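First comes the structure, then the notes that go with it.
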Amino acid sequence: MKTSLLGKIVKYASAIFLACIFSFPLIFMVMSSFKGKFQIFEDLRSWKAFLPVGDVNLDQYAGVFSRTPVFTFFLNSIVVSVLVVGLGLFVNSLAAFAIARLKFKGQGVLLGFLIATLIVPFETIALPMLFMVNKLPYVFLDETGINFQQGWLNSYSVQIVPFVASGFSIFLFVQYFKTIPKELDEAAIIDGASFFGIYRKVIVPLSGPAFATSAILTFLAVWNSYLWPVMSVQKESMRPVQVGLDYFFASGTDEGMPWGQIMAYSTLITIPILLVFIVFQRAFVSSVASSGVKG
Amino acid sequence: MAGETIHKKREKGKTMRRVTSLVAIAVVSGLALTGCSSSSSAEPTKVTMWSHAAGNEQEIATVEEAIKDFNASQTDYKVVLEKFPQESYNDSIAAAATSDTLPCIVDVDGPIMPNWAWAGYMKPISISSELENSLLAGAKGYYNGELYSAGAWDAALGILTRASYLEAIGARVPTVDAPWTQAEFDKVLADLDASGDFDYAIDWGNGWTGEWFPYAYSPLLQSFGGDLIDRDTFESADGVVNGAEAVAFGEWFQGTFSKGYANKKQTGDRTEFVNGTIAIQYNGNWAVKDAYDKYGDDLLILPPVDFGNGPKIGAASWQFGVSSSCGETESAGANAFIEYILQDKYIVAFANRIGLIPATAAASAEVPNYAPGGAFAGFVDFSNDFAVKRPETPAYLFISSAFEKAVADIINGADVQRSLDTAADAIDGDLADNNYYK
Amino acid sequence: MKEKLAETGRKMNAVRLPFLEQTLVAREARAGVYYVLPAVLLLLVFLVTPVILAFTLGFTDARLSSPNPIQMTGMDNFSQLLKVAKLDMQQASGDENDLYDKVREQTKPNSGSEYEGMQILSESVSDDKKSGSYILAGDPLFWKSLKNTLYFALIVAPLQGGFALLLALLVNSKLKGRVFFRTVYFLPVVTSMVVVSILWLFMYEESGLVNVVLGSVIPGYQPISFLGNTTTAMPAIMVMSIWQGVGFHMLIWLSGLQTIPGELYEAAKVDGANSLKQFQHVTWPGLRKTFIFILVTISIAALGLFTQINVMTQGGPLDSTTTLVYHAYREGFRNQRIGYSSAIAIAFFAIVVTVSIVQRRLTRDRD
């Protein structure tokens with residue numbers, strides 16, 4: 001079947017139209033990051049909001065850097081996100097492998113339990129979680145040697161460990177792994193592979209899109225976490241980027257809300273996730289389907 | 001990745017063994033240390049402090065300056081600062097209180113202090129009576145008759161507009177002695193609206209949420225003769241927040257929106273007055289600078305309207321206090337620091353840098369904008385003549401929330417009596433639930 | 001390698017080795033348990049335990065900051081949350097306000113009546129204003145939140161899921177620059193919801209961009225304050241939410257599309273199937289697992305609507321956008337009623353579980 005010319009035109013036109021819709025507000029964000037607050041709101045009434053017109057400069061970015069320790073926030077968020085993603089991919093895909101490919105007692109119940117974990121909005125368990133991590137023992141190392149303390153507050157661990165296991169990721173992996181032909185496992189066993197071997201040599205190589213999806217979405221969730229760090233992190237040196245956004249919402253000062261700086265900071269904190277997406281999305285250009293679906 | 005985890009596990013096993021032996025050593029040496037600790041008291045006592053002003057460069061700079069000077073001025077204490085952004089500061093404090101990790105010196109927003117004191121987060125402070133007496137009423141916080149907090153400034157509300165706007169509609173310029181009456185103000189709004197020069201006549205600031213609502217609008221309610229709670233007993237809001245005077249306030253306030261004088265859903269962050277699309281702005285003294293830079297002498301700073309019981313404005317801003325988890329030695333250091341930072345020198349620095357009203361008269365005289373005859377001196381008069389504190393009760397936190405909801409509904413056209421009744425019932429219910437905060 | 005493995009697999013099916021299978025089953029069971037253990041343990045500690053704590057709090061009067069000891073209050077929170085009653089009132093004056101006053105006499109705190117502490121949820125007053133019938137609720141905001149939450153989920157889940165599929169098909173087709181388009185469609189997802197909410201808050205203003213754009217397209221258009229209006233506020237938030245989240249689900253559909261072997265399409269083409277037929281017979285059946293995953297996660301996400309509300313409307317105007325999670329958050333953090341907030345959360349869990357079970361039933365029946 002040949003796609004007609006008309007069909008092609010419709011396809012490209014809609015692709016471009018959608019691209020406009022999806023990028024508009026973000027172009028507005030980036031453009032505003034070069035403007036002062038009065039300019040932003042004046043331009044808001046016309047198409048000027050999308051254009052670098054008027055008093056355009058880099059002052060907002062300079063302001064961001066003097067107002068907040070941007071590099072510290074970025075470093076913290078990167079360390080936390082990378083570790084949660086890395087540990088999470090392994091722990092969750094391994095569990096999913098067991099559920100989707102191996103037979104053991106209580107599998108059904110377990111999957112039900114995992115789906116049930118999805119329904120818990122974090123806002124509803126944040127406080128009990130705080131009570132709890134505050135009672136957990138914690139060991140850490142610093143210049144004075146190894147220390148014990150009660151409570152995990154003010155650490156990377158408190159931002160990482162609770163979010164490694166994810167029902168969402170496991171569920172995602174399970175649904176994906178189930179579509180991989182079962183004969184592959186059996187063949188591998190005949191060839192003498194261990195179960196872990198099947199996971200490593202059969203499942204992982206065939207699941208690029210699932211790993212990419214999980215990695216992107218986990219990174220996104222962790223990068224955007226806000227309520228938990230507000231409650232559990234008291235040191236500025238440990239604070240992640242989203243809490244940094246609050247530094248710009250200081251009302252009751254003679255400069256008001258520095259909207260230009262808010263836009264500049266927002267632009268900055270969006271870049272890393274965009275990079276992660278661009279890196280991982282290559283997994284989607286897989287050989288199987290690229291020749292497949294025709295629109 | 002699997003290898004990595006296993007490797008980690010192994011390492012952990014090793015560290016665990018090391019840890020146990022280290023613990024033994026630590027215990028022994030710890031015992032040895034305590035034996036001679038009394039003789040070596042060279043180290044100053046660490047006093048932790050939290051500030052709500054992270055990101056507010058000018059304010060933080062002054063706090064840091066005071067800390068540096070204080071630490072250098074003596075050898076007994078060392079104040080260590082941790083900065084928090086205001087937006088989430090109260091949540092951080094609540095979290096710290098539930099996890100027993102409060103610092104020694106805390107920042108607290110004036111009206112919330114009684115709640116924190118009642119909840120056991122804070123304990124009374126002790127500063128010299130000379131200093132205590134010199135501070136403006138709005139810069140001190142009392143609970144159960146004891147001083148719990150003291151601050152370097154207060155804030156004040158006023159009405160901003162331009163002389164040229166009033167001239168164009170032939171309106172009188174009000175003064176502290178002769179503020180606008182309700183009828184006069186109604187005419188000003190109607191005329192400005194009719195002029196067609198503006199999108200809206202007045203910017204009430206209703207795009208801001210949270211504490212701004214009771215801070216800005218409960219003084220209007222009080223000028224009408226209502227209040228947030230019965231201040232004799234602090235045990236009921238019924239008949240006060242929803243009485244006839246309160247309903248008159250609600251009906252009038254709602255009218256300014258339904259008649260199109262003000263924007264119900266306002267989000268432009270109050271830049272409209274400076275951009276020239278709104279004629280009057282109801283705002284705090286901290287926000288005058290932009291308008292003054294733009295309009296210069298044409299800018300008018302006017303007293304709030306007298307709705308029958310005199311003009312009213314809110315009082316009490318951020319203040320310093322001491323947390324209840326602060327030890328005895330540390331508390332002495334905390335109190336010493338609070339006294340130190342409330343020297344006129346720093347009060348002047350705060351006022352000059354963040355544009356708030358200095359907490360002492362002596363400091364006021366040294367701040368050009370607030371000294372008699374200064375550009376913003378009007379705010380000092382408003383603060384002296386019209387200031388009413390938000391009710392000093394632990395219930396305030398809840399009252400604030402209930403009142404905000406009621407006013408938001410009124411702005412959006414809800415039945416005024418019913419909205420205020422709902423607030424009154426909610427407040428009374430909360431009082432009963434908490435055994436009247438005794 | 002794949003082909004070789006498949007081949008051996010088929011061979012194995014032919015030759016059965018019972019004794020080997022026996023030990024294999026045991027080994028498999030053991031490996032399975034080991035592999036799920038880390039994830040399950042972490043979830044038990046960091047999810048189940050806090051949930052149990054939250055459940056317990058739902059039966060107490062715990063507060064965020066209070067010197068009073070926490071007390072067990074049994075079902076009190078739930079009875080306030082769920083209590084609904086009907087009250088008929090008559091009076092002679094013919095003034096609607098007098099009717100209301102009589103109702104409030106019953107409902108206000110310390111009234112001693114059985115309706116104490118309740119509020120009017122809805123009412124119908126007779127034409128002569130001499131009698132009225134009132135539905136009272138212990139917490140009208142809960143019912144309004146429930147209604148808004150379901151409204152949001154019912155509209156957003158299918159629209160966002162469907163739209164995401166269209167996008168996925170588009171960027172998965174032979175399209176020049178599809179990597180670029182894919183990235184652009186995903187842009188809103190990578191921007192934090194707080195930032196996105198602020199941007200749209202400005203755009204939805206009466207003088208904001210959405211009105212400017214509509215005004216330049218539609219002649220005689222009257223600008224509206226989208227978020228300031230009870231009828232448009234929720235739809236406005238829906239549009240924004242779909243815009244923000246659709247790239248997320250596009251990604252999941254995409255990963256599902258990858259599982260459909262290309263040969264199936266080749267075969268379909270040989271059979272002369274057109275694009276529509278291909279979708280109907282190859283693509284859609286191949287996406288079944290993905291569909292269930294998306295249905296479940298999208299519904300749960302929609303039912304948990306919170307950030308947009310917190311930033312953009314705070315539940316207003318006139319409670320037209322308040323949601324269950326927002327209500328729980330407000331009661332817990334702003335009003336400090338942790339116990340009551342937990343009770344709302346429990347009710348929320350129950351509702352989501354019900355929705356999920358219904359969905360599973362429905363999707364199972366189609367098999």
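Naming works like this for the structure tokens: A, B, ... for the chains as they're shown, residue 1 at the start of each chain, ligands 1 onward in shown order.
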Q | Distance filter 7 Å, only C-alpha atoms, chain A against chain C, as a PyMOL selection string | A | chain A and resi 1+19+22-23+25+44-46+91-92+94-95+98+102-104+119+121+123-125+128-129+162+165+175+179+183-184+186-188+209-210+213+220+224+266+270+273-274+284+288-295
I'd like a table as JSON lines: residues in chain A with an atom no more than 8 Å from chain B, each row giving the shortest atom pair and its distance in Å to one decimal, only C-alpha atoms counted, sorted by chain and rising residue number.
{"residue": "A:Lys37", "atom": "CA", "partner": "B:Thr271", "partner_atom": "CA", "distance": 7.8}
{"residue": "A:Phe38", "atom": "CA", "partner": "B:Thr271", "partner_atom": "CA", "distance": 6.2}
{"residue": "A:Phe41", "atom": "CA", "partner": "B:Gly268", "partner_atom": "CA", "distance": 6.5}
{"residue": "A:Glu42", "atom": "CA", "partner": "B:Asn275", "partner_atom": "CA", "distance": 7.2}
{"residue": "A:Arg67", "atom": "CA", "partner": "B:Gly55", "partner_atom": "CA", "distance": 5.1}
{"residue": "A:Thr68", "atom": "CA", "partner": "B:Gly55", "partner_atom": "CA", "distance": 6.1}
{"residue": "A:Phe90", "atom": "CA", "partner": "B:Met1", "partner_atom": "CA", "distance": 7.1}
{"residue": "A:Leu127", "atom": "CA", "partner": "B:Ala95", "partner_atom": "CA", "distance": 7.9}
{"residue": "A:Leu130", "atom": "CA", "partner": "B:Ser99", "partner_atom": "CA", "distance": 7.5}
{"residue": "A:Phe131", "atom": "CA", "partner": "B:Ser99", "partner_atom": "CA", "distance": 6.6}
{"residue": "A:Asn134", "atom": "CA", "partner": "B:Ser99", "partner_atom": "CA", "distance": 6.2}
{"residue": "A:Ile146", "atom": "CA", "partner": "B:Val19", "partner_atom": "CA", "distance": 6.9}
{"residue": "A:Val230", "atom": "CA", "partner": "B:Ser92", "partner_atom": "CA", "distance": 5.9}
{"residue": "A:Met231", "atom": "CA", "partner": "B:Ser92", "partner_atom": "CA", "distance": 5.3}
{"residue": "A:Ser232", "atom": "CA", "partner": "B:Ala95", "partner_atom": "CA", "distance": 7.4}
{"residue": "A:Gln234", "atom": "CA", "partner": "B:Ser92", "partner_atom": "CA", "distance": 7.5}
{"residue": "A:Lys235", "atom": "CA", "partner": "B:Glu82", "partner_atom": "CA", "distance": 6.5}
{"residue": "A:Glu236", "atom": "CA", "partner": "B:Lys83", "partner_atom": "CA", "distance": 6.5}
{"residue": "A:Gly244", "atom": "CA", "partner": "B:Pro85", "partner_atom": "CA", "distance": 7.9}
{"residue": "A:Asp246", "atom": "CA", "partner": "B:Pro85", "partner_atom": "CA", "distance": 5.7}
{"residue": "A:Tyr247", "atom": "CA", "partner": "B:Gly55", "partner_atom": "CA", "distance": 4.4}
{"residue": "A:Phe248", "atom": "CA", "partner": "B:Gly55", "partner_atom": "CA", "distance": 6.2}
{"residue": "A:Phe249", "atom": "CA", "partner": "B:Glu87", "partner_atom": "CA", "distance": 6.2}
{"residue": "A:Ala250", "atom": "CA", "partner": "B:Gln86", "partner_atom": "CA", "distance": 5.9}
{"residue": "A:Gly252", "atom": "CA", "partner": "B:Trp286", "partner_atom": "CA", "distance": 6.0}
{"residue": "A:Thr253", "atom": "CA", "partner": "B:Trp286", "partner_atom": "CA", "distance": 5.4}
{"residue": "A:Asp254", "atom": "CA", "partner": "B:Trp286", "partner_atom": "CA", "distance": 4.5}
{"residue": "A:Glu255", "atom": "CA", "partner": "B:Ala287", "partner_atom": "CA", "distance": 6.9}
{"residue": "A:Gly256", "atom": "CA", "partner": "B:Ala287", "partner_atom": "CA", "distance": 6.6}
{"residue": "A:Met257", "atom": "CA", "partner": "B:Asp269", "partner_atom": "CA", "distance": 7.4}
Put those residues in a file: N, CA and C atoms, as an mmCIF file, in the first residue's frame.
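Saved to result_7.cif:
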data_model
loop_
_atom_site.group_PDB
_atom_site.id
_atom_site.type_symbol
_atom_site.label_atom_id
_atom_site.label_comp_id
_atom_site.auth_asym_id
_atom_site.auth_seq_id
_atom_site.Cartn_x
_atom_site.Cartn_y
_atom_site.Cartn_z
ATOM 1 N N LYS A 37 10.520 41.098 35.047
ATOM 2 C CA LYS A 37 9.142 40.725 35.336
ATOM 3 C C LYS A 37 8.111 41.658 34.706
ATOM 4 N N PHE A 38 8.398 42.948 34.669
ATOM 5 C CA PHE A 38 7.410 43.857 34.099
ATOM 6 C C PHE A 38 7.276 43.652 32.594
ATOM 7 N N PHE A 41 5.086 40.474 31.876
ATOM 8 C CA PHE A 41 3.635 40.613 31.974
ATOM 9 C C PHE A 41 3.071 41.573 30.945
ATOM 10 N N GLU A 42 3.882 42.517 30.484
ATOM 11 C CA GLU A 42 3.429 43.377 29.415
ATOM 12 C C GLU A 42 3.296 42.560 28.124
ATOM 13 N N ARG A 67 21.478 34.175 43.687
ATOM 14 C CA ARG A 67 20.451 33.917 44.692
ATOM 15 C C ARG A 67 20.539 32.522 45.287
ATOM 16 N N THR A 68 20.900 31.543 44.466
ATOM 17 C CA THR A 68 20.905 30.159 44.940
ATOM 18 C C THR A 68 22.232 29.482 44.602
ATOM 19 N N PHE A 90 17.731 -2.192 38.148
ATOM 20 C CA PHE A 90 18.142 -3.554 38.466
ATOM 21 C C PHE A 90 17.115 -4.260 39.361
ATOM 22 N N LEU A 127 3.958 12.023 55.994
ATOM 23 C CA LEU A 127 4.231 12.196 57.420
ATOM 24 C C LEU A 127 4.564 10.896 58.141
ATOM 25 N N LEU A 130 7.989 10.025 57.443
ATOM 26 C CA LEU A 130 8.957 10.826 58.190
ATOM 27 C C LEU A 130 9.152 10.262 59.599
ATOM 28 N N PHE A 131 8.021 9.934 60.252
ATOM 29 C CA PHE A 131 8.125 9.316 61.585
ATOM 30 C C PHE A 131 9.041 8.115 61.514
ATOM 31 N N ASN A 134 12.835 8.477 60.654
ATOM 32 C CA ASN A 134 13.481 9.133 61.778
ATOM 33 C C ASN A 134 13.848 8.142 62.881
ATOM 34 N N ILE A 146 33.652 6.532 61.413
ATOM 35 C CA ILE A 146 32.312 5.988 61.213
ATOM 36 C C ILE A 146 31.420 6.396 62.367
ATOM 37 N N VAL A 230 11.636 18.573 51.224
ATOM 38 C CA VAL A 230 11.282 19.670 52.130
ATOM 39 C C VAL A 230 11.232 19.149 53.560
ATOM 40 N N MET A 231 10.662 17.951 53.716
ATOM 41 C CA MET A 231 10.479 17.421 55.059
ATOM 42 C C MET A 231 11.730 16.771 55.614
ATOM 43 N N SER A 232 12.505 16.109 54.754
ATOM 44 C CA SER A 232 13.558 15.251 55.285
ATOM 45 C C SER A 232 14.960 15.841 55.162
ATOM 46 N N GLN A 234 17.343 19.056 55.795
ATOM 47 C CA GLN A 234 17.393 20.345 56.468
ATOM 48 C C GLN A 234 18.630 21.153 56.107
ATOM 49 N N LYS A 235 19.584 20.498 55.479
ATOM 50 C CA LYS A 235 20.818 21.213 55.135
ATOM 51 C C LYS A 235 20.757 21.737 53.704
ATOM 52 N N GLU A 236 21.153 22.972 53.525
ATOM 53 C CA GLU A 236 21.171 23.545 52.183
ATOM 54 C C GLU A 236 22.090 22.727 51.273
ATOM 55 N N GLY A 244 14.944 24.181 45.459
ATOM 56 C CA GLY A 244 15.611 25.417 45.072
ATOM 57 C C GLY A 244 14.654 26.413 44.435
ATOM 58 N N ASP A 246 11.823 27.159 45.353
ATOM 59 C CA ASP A 246 11.196 27.940 46.428
ATOM 60 C C ASP A 246 11.991 29.201 46.784
ATOM 61 N N TYR A 247 13.281 29.192 46.470
ATOM 62 C CA TYR A 247 14.104 30.344 46.809
ATOM 63 C C TYR A 247 13.627 31.604 46.093
ATOM 64 N N PHE A 248 12.833 31.389 45.043
ATOM 65 C CA PHE A 248 12.398 32.538 44.257
ATOM 66 C C PHE A 248 11.005 33.006 44.659
ATOM 67 N N PHE A 249 10.349 32.241 45.512
ATOM 68 C CA PHE A 249 8.984 32.597 45.900
ATOM 69 C C PHE A 249 8.948 33.300 47.245
ATOM 70 N N ALA A 250 9.901 34.181 47.482
ATOM 71 C CA ALA A 250 9.913 34.890 48.750
ATOM 72 C C ALA A 250 9.016 36.113 48.643
ATOM 73 N N GLY A 252 6.782 39.287 50.283
ATOM 74 C CA GLY A 252 7.054 40.194 51.382
ATOM 75 C C GLY A 252 8.434 40.795 51.333
ATOM 76 N N THR A 253 9.028 40.884 50.139
ATOM 77 C CA THR A 253 10.288 41.587 50.010
ATOM 78 C C THR A 253 10.080 42.691 48.986
ATOM 79 N N ASP A 254 10.985 43.646 48.971
ATOM 80 C CA ASP A 254 10.717 44.788 48.109
ATOM 81 C C ASP A 254 10.934 44.497 46.632
ATOM 82 N N GLU A 255 11.403 43.313 46.293
ATOM 83 C CA GLU A 255 11.545 43.024 44.867
ATOM 84 C C GLU A 255 10.407 42.167 44.338
ATOM 85 N N GLY A 256 9.507 41.729 45.220
ATOM 86 C CA GLY A 256 8.402 40.900 44.759
ATOM 87 C C GLY A 256 8.904 39.579 44.219
ATOM 88 N N MET A 257 8.097 38.948 43.394
ATOM 89 C CA MET A 257 8.513 37.672 42.810
ATOM 90 C C MET A 257 9.340 37.936 41.559
#
(Q) Show me, as a PyMOL selection string, the residues that have an atom within 9 Å of Asp385 of chain B when counting only C-alpha atoms, minus same-chain residues fewer than 4 positions from it. (A) chain B and resi 176+311-312+380-381
Could those residues be written to a file, using C-alpha atoms, as a PDB file, in the first residue's frame?
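Generated file (part-v3.pdb):
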ATOM      1  CA  VAL B 176      -4.028  59.927  58.314  1.00  0.00           C
ATOM      2  CA  PRO B 311      -8.742  52.473  59.301  1.00  0.00           C
ATOM      3  CA  LYS B 312      -7.035  49.226  60.296  1.00  0.00           C
ATOM      4  CA  VAL B 380       5.280  54.373  60.010  1.00  0.00           C
ATOM      5  CA  ASP B 381       2.246  56.504  60.862  1.00  0.00           C
TER       6      ASP B 381
END
Q) Taking only C-alpha atoms into account, which residues of chain B are within 10 Å of chain C, as a PyMOL selection string? A) chain B and resi 90-91+94-95+97-98+115-121+199+207+209-210+238+263-269+394+397-402+405-406+408-414+417-418+421-422+424-430+432-435+437-438
Please save C-alpha atoms of the selected residues as an mmCIF file, in the first residue's frame.
data_model
loop_
_atom_site.group_PDB
_atom_site.id
_atom_site.type_symbol
_atom_site.label_atom_id
_atom_site.label_comp_id
_atom_site.auth_asym_id
_atom_site.auth_seq_id
_atom_site.Cartn_x
_atom_site.Cartn_y
_atom_site.Cartn_z
ATOM 1 C CA ASN B 90 6.728 26.198 58.048
ATOM 2 C CA ASP B 91 6.514 22.672 56.659
ATOM 3 C CA ALA B 94 6.654 21.035 61.461
ATOM 4 C CA ALA B 95 8.705 18.144 60.079
ATOM 5 C CA ALA B 97 9.327 19.193 65.362
ATOM 6 C CA THR B 98 7.868 15.754 64.685
ATOM 7 C CA ASN B 115 0.461 28.085 67.847
ATOM 8 C CA TRP B 116 4.092 27.018 67.965
ATOM 9 C CA ALA B 117 4.366 28.053 71.604
ATOM 10 C CA TRP B 118 1.219 26.099 72.465
ATOM 11 C CA ALA B 119 2.429 23.086 70.502
ATOM 12 C CA GLY B 120 5.621 23.103 72.523
ATOM 13 C CA TYR B 121 7.976 24.045 69.712
ATOM 14 C CA ASP B 199 -8.527 47.358 33.021
ATOM 15 C CA GLY B 207 -3.958 36.408 43.280
ATOM 16 C CA THR B 209 -2.865 33.047 48.556
ATOM 17 C CA GLY B 210 -2.283 31.754 52.049
ATOM 18 C CA ASP B 238 -19.811 32.858 65.994
ATOM 19 C CA ASN B 263 -10.309 41.083 38.864
ATOM 20 C CA LYS B 264 -11.670 37.878 40.437
ATOM 21 C CA LYS B 265 -8.902 35.704 39.086
ATOM 22 C CA GLN B 266 -5.752 37.699 39.215
ATOM 23 C CA THR B 267 -2.438 36.100 38.459
ATOM 24 C CA GLY B 268 -0.259 38.774 36.883
ATOM 25 C CA ASP B 269 1.718 39.038 40.102
ATOM 26 C CA PRO B 394 -2.922 29.046 68.908
ATOM 27 C CA LEU B 397 -3.493 28.794 62.174
ATOM 28 C CA PHE B 398 -6.908 27.265 61.650
ATOM 29 C CA ILE B 399 -8.728 30.614 61.707
ATOM 30 C CA SER B 400 -6.440 31.828 58.949
ATOM 31 C CA SER B 401 -7.296 28.838 56.776
ATOM 32 C CA ALA B 402 -11.054 29.097 57.374
ATOM 33 C CA LYS B 405 -11.550 29.940 52.209
ATOM 34 C CA ALA B 406 -14.528 32.144 53.079
ATOM 35 C CA ALA B 408 -12.013 33.313 48.349
ATOM 36 C CA ASP B 409 -15.598 32.041 48.017
ATOM 37 C CA ILE B 410 -17.013 35.528 48.589
ATOM 38 C CA ILE B 411 -14.775 36.948 45.867
ATOM 39 C CA ASN B 412 -16.140 34.306 43.516
ATOM 40 C CA GLY B 413 -19.726 35.262 44.235
ATOM 41 C CA ALA B 414 -20.777 32.867 47.002
ATOM 42 C CA GLN B 417 -23.723 35.071 55.069
ATOM 43 C CA ARG B 418 -23.347 31.388 54.343
ATOM 44 C CA ASP B 421 -21.247 31.014 58.754
ATOM 45 C CA THR B 422 -19.271 28.111 57.373
ATOM 46 C CA ALA B 424 -17.541 30.465 62.009
ATOM 47 C CA ASP B 425 -18.783 26.897 62.405
ATOM 48 C CA ALA B 426 -15.465 25.467 61.251
ATOM 49 C CA ILE B 427 -13.525 27.650 63.681
ATOM 50 C CA ASP B 428 -15.828 26.806 66.584
ATOM 51 C CA GLY B 429 -15.623 23.127 65.707
ATOM 52 C CA ASP B 430 -11.839 23.289 65.669
ATOM 53 C CA ALA B 432 -13.921 22.409 70.578
ATOM 54 C CA ASP B 433 -11.818 19.638 68.991
ATOM 55 C CA ASN B 434 -8.718 21.143 70.578
ATOM 56 C CA ASN B 435 -10.228 21.717 73.982
ATOM 57 C CA TYR B 437 -6.336 25.321 72.952
ATOM 58 C CA LYS B 438 -5.870 25.295 76.690
#
Q. Hey, which of C:Leu295, C:Leu136, C:Ala302, C:Leu87 ends up closest to Leu362 of chain C? Count only C-alpha atoms.
A.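 Looking only at the distances to Leu362 of chain C, the closest residue turns out to be C:Leu295.
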(Q) If we count only C-alpha atoms and set the cut-off at 6 Å, which residues sit around segment 74-82 of chain C, ignoring sequence neighbours fewer than 5 positions away in its own chain? Please answer as a ChimeraX atom specification. (A) /C:59,138-139,340
Residue subset to file, keeping C-alpha atoms, as an mmCIF file, in the first residue's frame:
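Written file, part.cif:
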data_model
loop_
_atom_site.group_PDB
_atom_site.id
_atom_site.type_symbol
_atom_site.label_atom_id
_atom_site.label_comp_id
_atom_site.auth_asym_id
_atom_site.auth_seq_id
_atom_site.Cartn_x
_atom_site.Cartn_y
_atom_site.Cartn_z
ATOM 1 C CA PHE C 59 -8.810 6.273 63.562
ATOM 2 C CA GLY C 138 -20.639 16.071 57.615
ATOM 3 C CA ASP C 139 -18.081 17.228 55.093
ATOM 4 C CA TYR C 340 -8.879 13.340 59.551
#
**Q.** Near-Phe73 of chain A list (8 Å; only C-alpha atoms; drop same-chain fewer than 4 positions) as number ranges by chain
**A.** A: 69, 77, 237-241, 244
Q: Run DSSP on the backbone and grab whatever in segment 102-335 of chain B lands in alpha helix (DSSP H); send it over as a ChimeraX atom specification.
A: /B:113-119,129-134,163-169,182-195,212-224,244-258,272-275,288-295,328-335
Q.
For Thr256 of chain B, find every residue with an atom within 10 Å (counting only C-alpha atoms), except residues of its own chain fewer than 4 positions away, and show them as a PyMOL selection string.
A. chain B and resi 186+189-190+201-202+204+251-252+260-264+411
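The space between atom CA of Val10 of chain A and atom CA of Met250 of chain C spans 20.0 Å.
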Q. Atom CA of Thr62 of chain B and atom CA of Ala315 of chain B are how many Å apart?
A.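 Here the two named atoms are 22.3 Å from each other.
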(Q) DSSP on the backbone: which residues in segment 194-357 of chain B end up as strand (DSSP E or B)? Give the answer as a ChimeraX atom specification. (A) /B:200-203,278-284,299-302,306,313-315,318-323,357
Can you list, as a CSV table (one decimal) with C-alpha atoms, in the first residue's frame, every protein, DNA or RNA residue that comes within 12 Å of segment 53-61 of chain A when you count only C-alpha atoms, leaving out same-chain residues fewer than 2 positions away?
chain,number,residue,atom,x,y,z
A,28,PHE,CA,7.3,31.2,26.4
A,30,VAL,CA,12.7,30.2,27.7
A,31,MET,CA,11.9,33.7,26.2
A,32,SER,CA,10.7,35.0,29.5
A,33,SER,CA,14.0,33.9,31.1
A,34,PHE,CA,15.7,36.7,29.2
A,35,LYS,CA,13.2,39.3,30.4
A,36,GLY,CA,12.5,41.2,33.6
A,37,LYS,CA,9.1,40.7,35.3
A,38,PHE,CA,7.4,43.9,34.1
A,39,GLN,CA,8.4,43.1,30.5
A,40,ILE,CA,7.1,39.5,30.9
A,41,PHE,CA,3.6,40.6,32.0
A,42,GLU,CA,3.4,43.4,29.4
A,43,ASP,CA,4.3,40.9,26.7
A,46,SER,CA,0.4,39.5,22.7
A,47,TRP,CA,2.6,37.2,20.6
A,48,LYS,CA,5.6,39.1,22.0
A,49,ALA,CA,5.6,36.5,24.8
A,50,PHE,CA,7.1,34.1,22.3
A,51,LEU,CA,9.7,36.4,20.9
A,63,GLY,CA,20.4,36.6,39.4
A,64,VAL,CA,19.7,32.9,39.6
A,65,PHE,CA,23.3,32.2,40.3
A,66,SER,CA,23.7,34.8,43.0
A,67,ARG,CA,20.5,33.9,44.7
A,68,THR,CA,20.9,30.2,44.9
A,70,VAL,CA,22.7,26.2,41.7
A,248,PHE,CA,12.4,32.5,44.3
A,258,PRO,CA,11.4,37.6,40.4
A,259,TRP,CA,9.5,36.0,37.5
A,260,GLY,CA,12.3,36.4,35.0
A,261,GLN,CA,14.6,34.5,37.4
A,262,ILE,CA,11.9,31.8,38.0
A,263,MET,CA,11.7,31.3,34.3
A,264,ALA,CA,15.5,31.1,34.0
A,265,TYR,CA,15.8,28.7,36.9
A,266,SER,CA,13.0,26.6,35.4
A,267,THR,CA,14.8,26.5,32.1
A,268,LEU,CA,18.0,25.4,33.7
